[in-house]
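**Student:** target.cif is the file, holding mmCIF, C-alpha atoms and all ligand atoms:
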data_target
#
loop_
_atom_site.label_atom_id
_atom_site.label_comp_id
_atom_site.auth_asym_id
_atom_site.auth_seq_id
_atom_site.Cartn_x
_atom_site.Cartn_y
_atom_site.Cartn_z
CA MET A 164 -199.87 34.69 -1.09
CA PRO A 165 -199.71 36.25 2.41
CA SER A 166 -200.69 39.88 2.74
CA ASN A 167 -200.46 42.43 5.49
CA PRO A 168 -203.85 44.11 5.92
CA ASN A 169 -202.14 47.24 7.31
CA LEU A 170 -200.30 47.97 4.07
CA PRO A 171 -201.75 49.20 0.79
CA ALA A 172 -201.67 46.41 -1.81
CA ARG A 173 -198.98 47.95 -4.07
CA ARG A 174 -196.63 48.69 -1.13
CA ALA A 175 -197.07 45.12 0.09
CA GLN A 176 -196.37 43.79 -3.40
CA SER A 177 -193.20 45.91 -3.67
CA LEU A 178 -191.94 44.64 -0.29
CA ILE A 179 -192.55 41.09 -1.40
CA LEU A 180 -190.56 41.63 -4.58
CA ASN A 181 -187.71 43.23 -2.65
CA ARG A 182 -187.69 40.34 -0.26
CA ARG A 183 -187.58 37.92 -3.14
CA ARG A 184 -184.63 39.77 -4.63
CA ALA A 185 -182.89 39.88 -1.27
CA LEU A 186 -183.45 36.22 -0.66
CA GLY A 187 -181.75 35.43 -3.93
CA LEU A 188 -181.92 31.81 -4.86
CA MET A 189 -184.46 30.84 -2.23
CA GLY A 190 -187.52 29.24 -3.85
CA GLY A 191 -190.44 31.58 -4.45
CA ALA A 192 -192.92 29.71 -2.29
CA ALA A 193 -190.50 29.52 0.67
CA ALA A 194 -189.62 33.20 0.34
CA LEU A 195 -193.20 34.31 0.16
CA SER A 196 -194.25 32.25 3.15
CA LEU A 197 -191.84 34.13 5.45
CA PRO A 198 -193.49 36.67 7.77
CA PHE A 199 -192.77 40.39 7.33
CA ALA A 200 -189.89 40.50 9.84
CA PRO A 201 -186.98 42.96 9.52
CA LEU A 202 -184.54 41.64 6.91
CA VAL A 203 -181.36 42.68 8.69
CA GLN A 204 -180.67 40.60 11.75
CA ALA A 205 -178.02 41.26 14.38
CA LYS A 206 -174.76 39.78 13.13
CA ALA A 207 -173.06 37.23 15.36
CA PRO A 208 -169.73 38.60 16.62
CA LEU A 209 -166.46 37.09 15.46
CA LEU A 210 -165.20 34.90 18.28
CA GLY A 211 -161.51 34.61 17.47
CA ARG A 212 -159.49 31.49 16.95
CA GLN A 213 -160.96 28.22 18.09
CA ASN A 214 -158.96 26.81 20.97
CA THR A 215 -159.89 23.33 22.03
CA SER A 216 -159.18 22.91 25.74
CA PHE A 217 -158.75 19.19 26.15
CA TYR A 218 -158.84 15.85 24.38
CA ARG A 219 -159.52 12.63 26.29
CA PHE A 220 -159.16 8.97 25.41
CA MET A 221 -158.51 5.57 26.96
CA LEU A 222 -155.14 3.83 26.84
CA GLY A 223 -155.90 0.37 28.22
CA LYS A 224 -157.21 1.12 31.71
CA PHE A 225 -155.58 4.55 31.86
CA GLU A 226 -157.68 7.57 31.02
CA VAL A 227 -155.50 10.13 29.24
CA THR A 228 -156.44 13.80 28.87
CA ILE A 229 -154.29 16.20 26.87
CA VAL A 230 -154.93 19.73 28.09
CA ARG A 231 -154.15 22.93 26.23
CA ASP A 232 -152.10 25.39 28.26
CA GLY A 233 -152.00 27.81 25.31
CA ALA A 234 -149.90 28.56 22.26
CA ALA A 235 -147.40 31.19 21.16
CA ILE A 236 -147.20 32.47 17.59
CA LEU A 237 -143.55 33.09 16.74
CA SER A 238 -141.39 34.10 13.75
CA GLY A 239 -139.91 31.23 11.83
CA PRO A 240 -139.65 28.22 11.90
CA TYR A 241 -136.26 29.14 10.33
CA PRO A 242 -133.76 29.82 11.91
CA THR A 243 -135.24 28.63 15.24
CA PHE A 244 -135.16 25.23 13.51
CA GLY A 245 -132.42 24.23 11.08
CA ALA A 246 -130.10 27.21 11.64
CA ASP A 247 -127.17 25.23 10.19
CA GLN A 248 -129.06 24.68 6.92
CA PHE A 249 -129.64 26.93 3.92
CA GLU A 250 -132.86 28.85 4.45
CA GLU A 251 -134.15 27.67 1.04
CA ASP A 252 -133.75 24.04 2.07
CA VAL A 253 -135.75 24.54 5.25
CA HIS A 254 -138.39 26.45 3.29
CA GLU A 255 -138.56 23.71 0.67
CA LEU A 256 -139.29 21.11 3.37
CA LEU A 257 -141.93 23.34 4.96
CA THR A 258 -143.60 24.12 1.63
CA ALA A 259 -143.71 20.43 0.73
CA ASN A 260 -145.62 19.91 4.00
CA HIS A 261 -148.02 22.87 3.59
CA VAL A 262 -146.38 24.71 6.50
CA PRO A 263 -146.13 28.56 6.38
CA LEU A 264 -142.63 30.08 6.22
CA LYS A 265 -142.89 33.29 8.24
CA LYS A 266 -144.73 32.32 11.42
CA PHE A 267 -145.17 29.16 13.42
CA GLU A 268 -147.32 28.04 16.31
CA LEU A 269 -145.71 26.73 19.48
CA PRO A 270 -148.54 25.09 21.42
CA TYR A 271 -148.20 23.85 25.00
CA ALA A 272 -149.90 20.55 25.76
CA PRO A 273 -149.52 19.05 29.25
CA VAL A 274 -150.89 15.52 29.72
CA VAL A 275 -153.04 14.16 32.55
CA ILE A 276 -153.30 10.42 33.18
CA ASN A 277 -155.79 8.86 35.55
CA THR A 278 -154.20 5.49 36.28
CA GLY A 279 -157.18 4.39 38.35
CA ASN A 280 -155.10 4.91 41.48
CA GLU A 281 -153.60 8.32 40.94
CA LEU A 282 -154.11 11.42 38.84
CA VAL A 283 -150.80 12.20 37.18
CA LEU A 284 -149.88 15.43 35.41
CA PHE A 285 -146.94 15.68 33.00
CA ASP A 286 -145.52 19.23 33.05
CA SER A 287 -147.30 22.24 34.45
CA GLY A 288 -147.70 24.74 31.61
CA ASN A 289 -146.38 28.29 31.67
CA GLY A 290 -148.19 29.63 34.73
CA SER A 291 -148.60 33.39 34.87
CA THR A 292 -145.10 34.29 33.82
CA ARG A 293 -144.91 33.67 30.12
CA ARG A 294 -146.29 34.53 26.68
CA PRO A 295 -149.74 36.13 26.30
CA ASP A 296 -151.90 33.20 25.15
CA SER A 297 -150.60 30.66 27.65
CA GLY A 298 -150.89 29.66 31.29
CA HIS A 299 -154.39 28.23 30.83
CA LEU A 300 -153.68 24.80 32.31
CA VAL A 301 -155.73 25.18 35.51
CA GLU A 302 -158.65 26.59 33.50
CA GLY A 303 -158.27 23.68 31.04
CA LEU A 304 -158.15 21.16 33.88
CA LYS A 305 -161.40 22.56 35.26
CA LEU A 306 -163.08 22.29 31.86
CA ALA A 307 -161.79 18.71 31.70
CA GLY A 308 -163.42 17.99 35.06
CA TYR A 309 -160.44 18.18 37.41
CA THR A 310 -159.40 20.48 40.23
CA PRO A 311 -155.71 21.24 40.93
CA GLU A 312 -156.24 19.63 44.38
CA GLN A 313 -156.94 16.28 42.71
CA ILE A 314 -153.51 16.02 41.09
CA ASP A 315 -151.54 13.37 43.01
CA VAL A 316 -148.29 13.37 41.07
CA VAL A 317 -146.61 15.90 38.78
CA ILE A 318 -143.95 14.43 36.50
CA ILE A 319 -141.53 16.96 35.01
CA THR A 320 -139.97 16.11 31.62
CA HIS A 321 -137.41 18.90 31.98
CA CYS A 322 -136.99 22.21 33.76
CA HIS A 323 -137.62 24.86 31.08
CA PRO A 324 -140.01 27.62 32.22
CA ASP A 325 -142.85 26.61 29.87
CA HIS A 326 -142.91 23.22 31.63
CA ILE A 327 -142.42 24.27 35.27
CA GLY A 328 -143.85 27.83 35.33
CA GLY A 329 -147.27 26.57 36.41
CA LEU A 330 -146.05 24.62 39.46
CA THR A 331 -146.33 27.61 41.79
CA GLU A 332 -148.25 30.87 41.79
CA SER A 333 -146.76 33.72 43.84
CA GLY A 334 -144.80 31.19 45.87
CA THR A 335 -147.75 28.90 46.56
CA PRO A 336 -147.93 25.39 45.05
CA VAL A 337 -150.70 25.22 42.43
CA PHE A 338 -151.19 21.47 43.04
CA PRO A 339 -151.24 21.44 46.85
CA ASN A 340 -151.66 17.68 47.30
CA ALA A 341 -149.14 16.56 44.72
CA ARG A 342 -145.79 14.86 44.99
CA TYR A 343 -143.30 15.42 42.20
CA VAL A 344 -141.01 13.40 39.98
CA CYS A 345 -138.03 14.92 38.19
CA GLY A 346 -134.95 13.50 36.47
CA GLU A 347 -131.96 13.47 38.80
CA VAL A 348 -129.53 14.79 36.15
CA GLU A 349 -132.01 17.53 35.26
CA TYR A 350 -132.52 18.65 38.85
CA ASP A 351 -128.82 18.59 39.58
CA PHE A 352 -128.04 20.73 36.54
CA TRP A 353 -130.64 23.45 37.10
CA SER A 354 -130.85 23.74 40.88
CA PRO A 355 -127.46 25.31 41.84
CA LYS A 356 -127.91 29.00 42.66
CA GLU A 357 -124.71 29.90 40.77
CA LEU A 358 -126.68 29.53 37.52
CA LEU A 359 -128.47 32.77 38.41
CA ASP A 360 -125.22 34.54 37.48
CA ALA A 361 -124.94 32.83 34.10
CA ASP A 362 -125.72 34.53 30.78
CA ALA A 363 -129.19 36.01 30.36
CA GLY A 364 -131.01 33.02 28.82
CA LEU A 365 -129.65 30.53 31.32
CA ALA A 366 -130.20 32.91 34.26
CA ARG A 367 -133.86 33.44 33.30
CA ARG A 368 -134.39 29.69 33.27
CA ALA A 369 -132.47 29.24 36.52
CA ARG A 370 -134.74 31.85 38.13
CA SER A 371 -137.82 29.92 37.08
CA MET A 372 -136.21 26.79 38.57
CA GLN A 373 -135.53 28.54 41.88
CA GLU A 374 -139.08 29.89 42.02
CA ASN A 375 -141.01 26.85 40.88
CA VAL A 376 -139.08 23.63 41.48
CA VAL A 377 -136.49 24.06 44.23
CA PRO A 378 -139.12 24.96 46.88
CA LEU A 379 -140.90 21.67 46.13
CA ALA A 380 -137.78 19.50 46.46
CA GLU A 381 -138.88 17.92 49.74
CA LYS A 382 -141.89 16.40 48.00
CA MET A 383 -139.86 15.30 44.98
CA SER A 384 -138.37 11.99 43.94
CA PHE A 385 -135.53 11.89 41.44
CA LEU A 386 -135.45 9.43 38.59
CA LYS A 387 -132.49 7.82 36.91
CA ASP A 388 -132.48 7.40 33.14
CA GLU A 389 -134.80 4.42 32.72
CA GLY A 390 -136.47 4.69 36.12
CA GLU A 391 -140.10 3.87 36.82
CA ALA A 392 -142.13 6.89 37.95
CA LEU A 393 -145.23 4.78 38.67
CA PRO A 394 -146.40 1.34 37.64
CA GLY A 395 -146.81 1.56 33.85
CA ILE A 396 -144.91 4.84 33.52
CA ARG A 397 -141.19 4.62 32.79
CA ALA A 398 -138.61 7.26 31.89
CA ILE A 399 -136.61 7.23 28.65
CA ALA A 400 -133.39 9.21 28.81
CA SER A 401 -133.46 11.73 25.98
CA PRO A 402 -130.83 14.39 26.72
CA GLY A 403 -129.76 17.25 24.48
CA HIS A 404 -132.66 19.67 24.67
CA THR A 405 -131.60 19.89 28.31
CA PRO A 406 -128.95 17.79 30.07
CA GLY A 407 -131.44 15.55 31.89
CA HIS A 408 -134.51 15.63 29.66
CA LEU A 409 -136.73 12.57 30.16
CA ALA A 410 -139.37 11.26 27.79
CA TYR A 411 -141.85 8.73 29.18
CA HIS A 412 -143.20 5.40 28.06
CA VAL A 413 -146.73 4.73 29.30
CA GLU A 414 -148.34 1.31 29.06
CA SER A 415 -151.65 -0.14 30.21
CA GLU A 416 -152.99 -3.53 29.13
CA GLY A 417 -150.58 -3.64 26.20
CA GLN A 418 -151.59 -0.19 24.90
CA ARG A 419 -148.66 2.19 24.68
CA LEU A 420 -148.05 5.92 24.53
CA MET A 421 -144.78 7.83 24.34
CA ILE A 422 -144.75 11.26 25.97
CA TRP A 423 -141.73 12.83 24.34
CA GLY A 424 -141.80 16.28 25.93
CA ASP A 425 -139.43 18.61 24.07
CA ALA A 426 -137.15 15.95 22.65
CA ILE A 427 -139.10 16.50 19.42
CA VAL A 428 -140.63 19.95 19.03
CA HIS A 429 -141.71 20.64 15.42
CA TYR A 430 -144.07 18.09 13.90
CA VAL A 431 -142.44 18.40 10.47
CA ILE A 432 -138.84 19.59 10.88
CA SER A 433 -137.89 17.68 14.05
CA VAL A 434 -139.44 14.46 12.71
CA GLN A 435 -138.41 14.55 9.05
CA ARG A 436 -134.97 16.05 9.75
CA PRO A 437 -134.13 14.94 13.31
CA GLU A 438 -130.50 16.09 13.01
CA TRP A 439 -131.42 19.69 12.14
CA PRO A 440 -130.81 21.73 15.30
CA LEU A 441 -133.35 23.57 17.42
CA ALA A 442 -132.06 26.85 18.85
CA ALA A 443 -133.20 25.91 22.38
CA ASP A 444 -131.39 22.54 22.35
CA MET A 445 -128.50 22.92 24.79
CA ASP A 446 -126.40 20.16 23.19
CA LYS A 447 -127.44 20.02 19.56
CA ASP A 448 -125.65 16.80 18.53
CA VAL A 449 -126.90 14.89 21.55
CA ALA A 450 -130.42 16.26 20.97
CA GLY A 451 -130.32 15.04 17.35
CA ARG A 452 -129.33 11.55 18.48
CA SER A 453 -132.08 11.48 21.15
CA ARG A 454 -134.66 12.54 18.56
CA ARG A 455 -133.69 9.77 16.18
CA LYS A 456 -133.67 7.20 19.01
CA LEU A 457 -137.20 8.10 20.17
CA LEU A 458 -138.55 8.29 16.61
CA GLU A 459 -137.06 4.87 15.82
CA MET A 460 -138.70 3.40 18.92
CA ALA A 461 -142.08 4.96 18.15
CA ALA A 462 -142.01 3.90 14.49
CA ALA A 463 -140.72 0.36 15.10
CA ASP A 464 -143.22 -0.43 17.84
CA LYS A 465 -146.06 1.67 16.34
CA ILE A 466 -146.45 3.46 19.66
CA ALA A 467 -148.83 6.42 19.85
CA VAL A 468 -146.94 9.62 20.64
CA THR A 469 -147.76 12.90 22.28
CA GLY A 470 -145.41 15.90 22.36
CA TYR A 471 -145.69 19.05 24.42
CA HIS A 472 -145.33 21.34 21.39
CA LEU A 473 -147.16 19.34 18.72
CA PRO A 474 -150.26 20.89 17.12
CA PHE A 475 -153.22 20.29 19.46
CA PRO A 476 -154.36 17.69 20.47
CA ALA A 477 -150.68 16.85 20.08
CA LEU A 478 -151.31 13.17 19.40
CA GLY A 479 -150.39 10.81 16.60
CA PHE A 480 -147.95 8.23 15.27
CA VAL A 481 -144.55 8.11 13.59
CA GLU A 482 -143.87 6.39 10.27
CA PRO A 483 -140.53 5.72 8.54
CA TYR A 484 -140.20 8.18 5.66
CA GLU A 485 -137.25 8.77 3.30
CA ASP A 486 -134.12 8.82 5.51
CA ALA A 487 -136.07 9.60 8.66
CA PHE A 488 -139.73 9.71 9.70
CA ARG A 489 -142.98 11.59 9.36
CA PHE A 490 -145.63 12.47 11.93
CA VAL A 491 -149.10 11.07 11.27
CA PRO A 492 -151.63 13.03 13.34
CA ALA A 493 -154.29 11.05 15.20
CA GLY A 494 -157.51 10.45 13.32
CA TYR A 495 -160.41 8.75 15.12
CA GLN A 496 -158.36 5.81 16.42
CA PHE A 497 -158.68 7.04 19.98
CA ASN A 498 -162.41 7.71 19.78
CA LEU A 499 -163.49 4.12 19.11
ZN ZN B 1 -140.99 23.46 25.89
#
Can the structure in the file be given as structure tokens, please?

**Tutor:**
Amino acid sequence: MPSNPNLPARRAQSLILNRRRALGLMGGAAALSLPFAPLVQAKAPLLGRQNTSFYRFMLGKFEVTIVRDGAAILSGPYPTFGADQFEEDVHELLTANHVPLKKFELPYAPVVINTGNELVLFDSGNGSTRRPDSGHLVEGLKLAGYTPEQIDVVIITHCHPDHIGGLTESGTPVFPNARYVCGEVEYDFWSPKELLDADAGLARRARSMQENVVPLAEKMSFLKDEGEALPGIRAIASPGHTPGHLAYHVESEGQRLMIWGDAIVHYVISVQRPEWPLAADMDKDVAGRSRRKLLEMAAADKIAVTGYHLPFPALGFVEPYEDAFRFVPAGYQFNL
């Protein structure tokens, strides 16, 4: 038994007993062999929610990195999702999928693809103009090993502020060496200045368009519905959320990934009930049809999918389920 020569024997014995009590189930020998250090150590501070910054994997010869721009916590999902349904029915679906009823997370997950020739970014995050825990794309890129100067091409799925807000900062392009790709229908809808006089929601979005996209038009190419943005990267028309929303099909050496942007937003509701409306969908019927079309493609061809608002790392697969589909989050498939 260890003893401290500076303490009277009984006091030392009492300390040992207290230590044994304090150490609870720890074996007697182990407890007694500990030195006489203070029992109370500084507590580690709570660090807040864990926020993974990026997730990287290979798709054929393409290196894909999904970067976290941030996430908003909002009220809902009902009636943001499924407003034309009975609340109980939406809640029943959520409960069956272990999803809380009062709050939901809306993450933002831009995608970077190194094709070997070019570094391509899909959507730019919120920039400095949006919700509190967002606009972290540049920070995330740096953690992932990239500088904004390295981005060669920015592909825009659609022109909502959470996708284009990070293109410029105080009037300066954030990706100074990039060229841009945007859907022609999408650009033509959002770019007229008259939209600034529209109702509040539309005007706010039109302002973001004028600030972030219109000034870059000279360096922009405009894609038709099934146009090729780059070799291996092809648009899939998926209107409804916005008039010219484009999803993308990415393929390298037979490996495939669908980047579905905001065509499908909630990983449970939008996938299991594709016809249930999302408040932000500008044409709700068309959006429902686009959702079902993309989900059918992804399920039939077993294509990996990533969505801008899926739970991070926003990656998985789609399986047929009941009358629609279900989202199967990525396991370790991409780590092998
Ligand atoms: Zn969005």

**Student:** Could I get the residues of chain A with an atom no further than 12 Å from an atom of ligand ZN 1 (chain B), each paired with its nearest atom pair and that distance in Å to one decimal, using all atoms listed in the file, sorted by chain and residue number, as CSV?

**Tutor:**
residue,atom,partner,partner_atom,distance
A:Asp232,CA,B:ZN1,ZN,11.5
A:Gly233,CA,B:ZN1,ZN,11.9
A:Ala234,CA,B:ZN1,ZN,10.9
A:Ala235,CA,B:ZN1,ZN,11.1
A:Leu269,CA,B:ZN1,ZN,8.6
A:Pro270,CA,B:ZN1,ZN,8.9
A:Tyr271,CA,B:ZN1,ZN,7.3
A:Ala272,CA,B:ZN1,ZN,9.4
A:Pro273,CA,B:ZN1,ZN,10.2
A:Asp286,CA,B:ZN1,ZN,9.5
A:Ser287,CA,B:ZN1,ZN,10.7
A:Gly288,CA,B:ZN1,ZN,8.9
A:Asn289,CA,B:ZN1,ZN,9.3
A:Arg293,CA,B:ZN1,ZN,11.7
A:Ile319,CA,B:ZN1,ZN,11.2
A:Thr320,CA,B:ZN1,ZN,9.4
A:His321,CA,B:ZN1,ZN,8.4
A:Cys322,CA,B:ZN1,ZN,8.9
A:His323,CA,B:ZN1,ZN,6.3
A:Pro324,CA,B:ZN1,ZN,7.6
A:Asp325,CA,B:ZN1,ZN,5.4
A:His326,CA,B:ZN1,ZN,6.1
A:Ile327,CA,B:ZN1,ZN,9.5
A:Gly328,CA,B:ZN1,ZN,10.8
A:Arg368,CA,B:ZN1,ZN,11.7
A:His404,CA,B:ZN1,ZN,9.2
A:Thr405,CA,B:ZN1,ZN,10.3
A:His408,CA,B:ZN1,ZN,10.8
A:Trp423,CA,B:ZN1,ZN,10.8
A:Gly424,CA,B:ZN1,ZN,7.2
A:Asp425,CA,B:ZN1,ZN,5.4
A:Ala426,CA,B:ZN1,ZN,9.0
A:Ile427,CA,B:ZN1,ZN,9.7
A:Val428,CA,B:ZN1,ZN,7.7
A:His429,CA,B:ZN1,ZN,10.9
A:Leu441,CA,B:ZN1,ZN,11.4
A:Ala442,CA,B:ZN1,ZN,11.9
A:Ala443,CA,B:ZN1,ZN,8.9
A:Asp444,CA,B:ZN1,ZN,10.3
A:Gly470,CA,B:ZN1,ZN,9.4
A:Tyr471,CA,B:ZN1,ZN,6.6
A:His472,CA,B:ZN1,ZN,6.6
A:Leu473,CA,B:ZN1,ZN,10.3

**Student:** Those same residues - C-alpha atoms - I'd like them written as a CSV table (one decimal), in the frame of the given file.

**Tutor:**
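Contents of the output file result-v1.csv:
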chain,number,residue,atom,x,y,z
A,232,ASP,CA,-152.1,25.4,28.3
A,233,GLY,CA,-152.0,27.8,25.3
A,234,ALA,CA,-149.9,28.6,22.3
A,235,ALA,CA,-147.4,31.2,21.2
A,269,LEU,CA,-145.7,26.7,19.5
A,270,PRO,CA,-148.5,25.1,21.4
A,271,TYR,CA,-148.2,23.8,25.0
A,272,ALA,CA,-149.9,20.6,25.8
A,273,PRO,CA,-149.5,19.0,29.2
A,286,ASP,CA,-145.5,19.2,33.0
A,287,SER,CA,-147.3,22.2,34.4
A,288,GLY,CA,-147.7,24.7,31.6
A,289,ASN,CA,-146.4,28.3,31.7
A,293,ARG,CA,-144.9,33.7,30.1
A,319,ILE,CA,-141.5,17.0,35.0
A,320,THR,CA,-140.0,16.1,31.6
A,321,HIS,CA,-137.4,18.9,32.0
A,322,CYS,CA,-137.0,22.2,33.8
A,323,HIS,CA,-137.6,24.9,31.1
A,324,PRO,CA,-140.0,27.6,32.2
A,325,ASP,CA,-142.8,26.6,29.9
A,326,HIS,CA,-142.9,23.2,31.6
A,327,ILE,CA,-142.4,24.3,35.3
A,328,GLY,CA,-143.8,27.8,35.3
A,368,ARG,CA,-134.4,29.7,33.3
A,404,HIS,CA,-132.7,19.7,24.7
A,405,THR,CA,-131.6,19.9,28.3
A,408,HIS,CA,-134.5,15.6,29.7
A,423,TRP,CA,-141.7,12.8,24.3
A,424,GLY,CA,-141.8,16.3,25.9
A,425,ASP,CA,-139.4,18.6,24.1
A,426,ALA,CA,-137.2,16.0,22.6
A,427,ILE,CA,-139.1,16.5,19.4
A,428,VAL,CA,-140.6,20.0,19.0
A,429,HIS,CA,-141.7,20.6,15.4
A,441,LEU,CA,-133.4,23.6,17.4
A,442,ALA,CA,-132.1,26.8,18.8
A,443,ALA,CA,-133.2,25.9,22.4
A,444,ASP,CA,-131.4,22.5,22.4
A,470,GLY,CA,-145.4,15.9,22.4
A,471,TYR,CA,-145.7,19.0,24.4
A,472,HIS,CA,-145.3,21.3,21.4
A,473,LEU,CA,-147.2,19.3,18.7

**Student:** Taking only C-alpha atoms into account, name the residue in A:Gly407, A:Phe249, A:Ala205, A:Val376 that is nearest to Asp388 in chain A.

**Tutor:**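 Using only C-alpha atoms, Asp388 in chain A sits closest to A:Gly407.
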
**Student:** Find, counting all atoms listed in the file, the residue in A:Asp247, A:Glu414, A:Glu374, A:Glu357 that gets nearest to Gly223 in chain A.

**Tutor:** A:Glu414

**Student:** Find the distance between CA of Asn280 in chain A and CA of Val337 in chain A and write it in Å to one decimal.

**Tutor:**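 Taking CA of Asn280 in chain A as the start and CA of Val337 in chain A as the end point, the length is 20.8 Å.
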
**Student:** Could you check which of A:Ser216, A:Asn260, A:Gln418, A:Gln435 is closest to Phe497 in chain A, using only C-alpha atoms?

**Tutor:**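 The closest residue to Phe497 in chain A is A:Gln418.
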
**Student:** Using only C-alpha atoms for the distances, tell me which of A:Gly451, A:Gly403, A:Pro483, A:Gly494 is nearest to Ser433 in chain A.

**Tutor:**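 Among A:Gly451, A:Gly403, A:Pro483, A:Gly494, it is A:Gly451 that comes nearest to Ser433 in chain A.
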
**Student:** Using only C-alpha atoms for the distances, tell me which of A:Leu359, A:Ala410, A:Leu264, A:Ala246 is nearest to Met372 in chain A.

**Tutor:** A:Leu359

**Student:** Rounded to one decimal, what separation in Å do you get between CA of Asn340 in chain A and CA of Ala369 in chain A?

**Tutor:**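 Taking CA of Asn340 in chain A and CA of Ala369 in chain A, their separation equals 24.9 Å.
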
**Student:** Which distance in Å separates CA of Lys266 in chain A and CA of Leu420 in chain A, to one decimal?

**Tutor:** 29.7 Å

**Student:** Find, counting only C-alpha atoms, the residue in A:Leu282, A:Leu386, A:Val481, A:Leu209 that gets nearest to Arg455 in chain A.

**Tutor:**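 Counting only C-alpha atoms, the residue closest to Arg455 in chain A is A:Val481.
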
**Student:** Go ahead and find all residues with at least one atom no further than 6 Å from (-131.7, 21.8, 15.2) in the file's coordinates, using all atoms listed in the file; report them as a ChimeraX atom specification.

**Tutor:** /A:244-245,439-441

**Student:** Counting all atoms listed in the file, what is within 10 Å of Leu284 in chain A, bar same-chain residues fewer than 4 positions away, as a list in words?

**Tutor:**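 After dropping sequence-adjacent residues, the list is Val227, Thr228, Ile229, Val230, Pro273, Val274, Val275, Ile276, Asn277, Pro311, Ile314, Asp315, Val316, Val317, Ile318, Ile319, Phe338, Ala341 and Tyr343 of chain A.
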
**Student:** Please produce a file of those selected residues containing C-alpha atoms, as a compact mmCIF listing (two decimals), keeping the file's coordinate frame.

**Tutor:**
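Output file part_35.txt follows:
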# COMPACT_ATOMS: atom_id res chain seq x y z
CA VAL A 227 -155.50 10.13 29.24
CA THR A 228 -156.44 13.80 28.87
CA ILE A 229 -154.29 16.20 26.87
CA VAL A 230 -154.93 19.73 28.09
CA PRO A 273 -149.52 19.05 29.25
CA VAL A 274 -150.89 15.52 29.72
CA VAL A 275 -153.04 14.16 32.55
CA ILE A 276 -153.30 10.42 33.18
CA ASN A 277 -155.79 8.86 35.55
CA PRO A 311 -155.71 21.24 40.93
CA ILE A 314 -153.51 16.02 41.09
CA ASP A 315 -151.54 13.37 43.01
CA VAL A 316 -148.29 13.37 41.07
CA VAL A 317 -146.61 15.90 38.78
CA ILE A 318 -143.95 14.43 36.50
CA ILE A 319 -141.53 16.96 35.01
CA PHE A 338 -151.19 21.47 43.04
CA ALA A 341 -149.14 16.56 44.72
CA TYR A 343 -143.30 15.42 42.20

**Student:** Which polymer residues have any atom within 10 Å of an atom of Ala380 in chain A, counting only C-alpha atoms, with same-chain residues fewer than 2 positions away left out, as JSON, numbers by chain?

**Tutor:** {"A": [342, 343, 344, 345, 350, 354, 375, 376, 377, 378, 382, 383, 384, 385]}

**Student:** Residues as selected, C-alpha atoms, written as a PDB file, in the frame of the given file, can you do that?

**Tutor:**
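Everything below was put into part-v7.pdb:
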ATOM      1  CA  ARG A 342    -145.790  14.860  44.990  1.00  0.00           C
ATOM      2  CA  TYR A 343    -143.300  15.420  42.200  1.00  0.00           C
ATOM      3  CA  VAL A 344    -141.010  13.400  39.980  1.00  0.00           C
ATOM      4  CA  CYS A 345    -138.030  14.920  38.190  1.00  0.00           C
ATOM      5  CA  TYR A 350    -132.520  18.650  38.850  1.00  0.00           C
ATOM      6  CA  SER A 354    -130.850  23.740  40.880  1.00  0.00           C
ATOM      7  CA  ASN A 375    -141.010  26.850  40.880  1.00  0.00           C
ATOM      8  CA  VAL A 376    -139.080  23.630  41.480  1.00  0.00           C
ATOM      9  CA  VAL A 377    -136.490  24.060  44.230  1.00  0.00           C
ATOM     10  CA  PRO A 378    -139.120  24.960  46.880  1.00  0.00           C
ATOM     11  CA  LYS A 382    -141.890  16.400  48.000  1.00  0.00           C
ATOM     12  CA  MET A 383    -139.860  15.300  44.980  1.00  0.00           C
ATOM     13  CA  SER A 384    -138.370  11.990  43.940  1.00  0.00           C
ATOM     14  CA  PHE A 385    -135.530  11.890  41.440  1.00  0.00           C
TER      15      PHE A 385
END

**Student:** Provide range 429-436 of chain A rebuilt to N, CA and C atoms, formatted as an mmCIF file, keeping the file's coordinate frame.

**Tutor:**
data_model
loop_
_atom_site.group_PDB
_atom_site.id
_atom_site.type_symbol
_atom_site.label_atom_id
_atom_site.label_comp_id
_atom_site.auth_asym_id
_atom_site.auth_seq_id
_atom_site.Cartn_x
_atom_site.Cartn_y
_atom_site.Cartn_z
ATOM 1 N N HIS A 429 -140.904 20.293 16.601
ATOM 2 C CA HIS A 429 -141.710 20.640 15.420
ATOM 3 C C HIS A 429 -142.175 19.372 14.714
ATOM 4 N N TYR A 430 -143.481 19.330 14.420
ATOM 5 C CA TYR A 430 -144.070 18.090 13.900
ATOM 6 C C TYR A 430 -143.589 17.750 12.498
ATOM 7 N N VAL A 431 -143.019 18.707 11.783
ATOM 8 C CA VAL A 431 -142.440 18.400 10.470
ATOM 9 C C VAL A 431 -140.902 18.368 10.561
ATOM 10 N N ILE A 432 -140.307 19.486 10.957
ATOM 11 C CA ILE A 432 -138.840 19.590 10.880
ATOM 12 C C ILE A 432 -138.167 18.575 11.812
ATOM 13 N N SER A 433 -138.588 18.537 13.070
ATOM 14 C CA SER A 433 -137.890 17.680 14.050
ATOM 15 C C SER A 433 -138.092 16.199 13.752
ATOM 16 N N VAL A 434 -139.152 15.863 13.011
ATOM 17 C CA VAL A 434 -139.440 14.460 12.710
ATOM 18 C C VAL A 434 -138.819 14.038 11.379
ATOM 19 N N GLN A 435 -138.946 14.902 10.370
ATOM 20 C CA GLN A 435 -138.410 14.550 9.050
ATOM 21 C C GLN A 435 -136.914 14.812 8.937
ATOM 22 N N ARG A 436 -136.412 15.745 9.747
ATOM 23 C CA ARG A 436 -134.970 16.050 9.750
ATOM 24 C C ARG A 436 -134.480 16.089 11.188
#
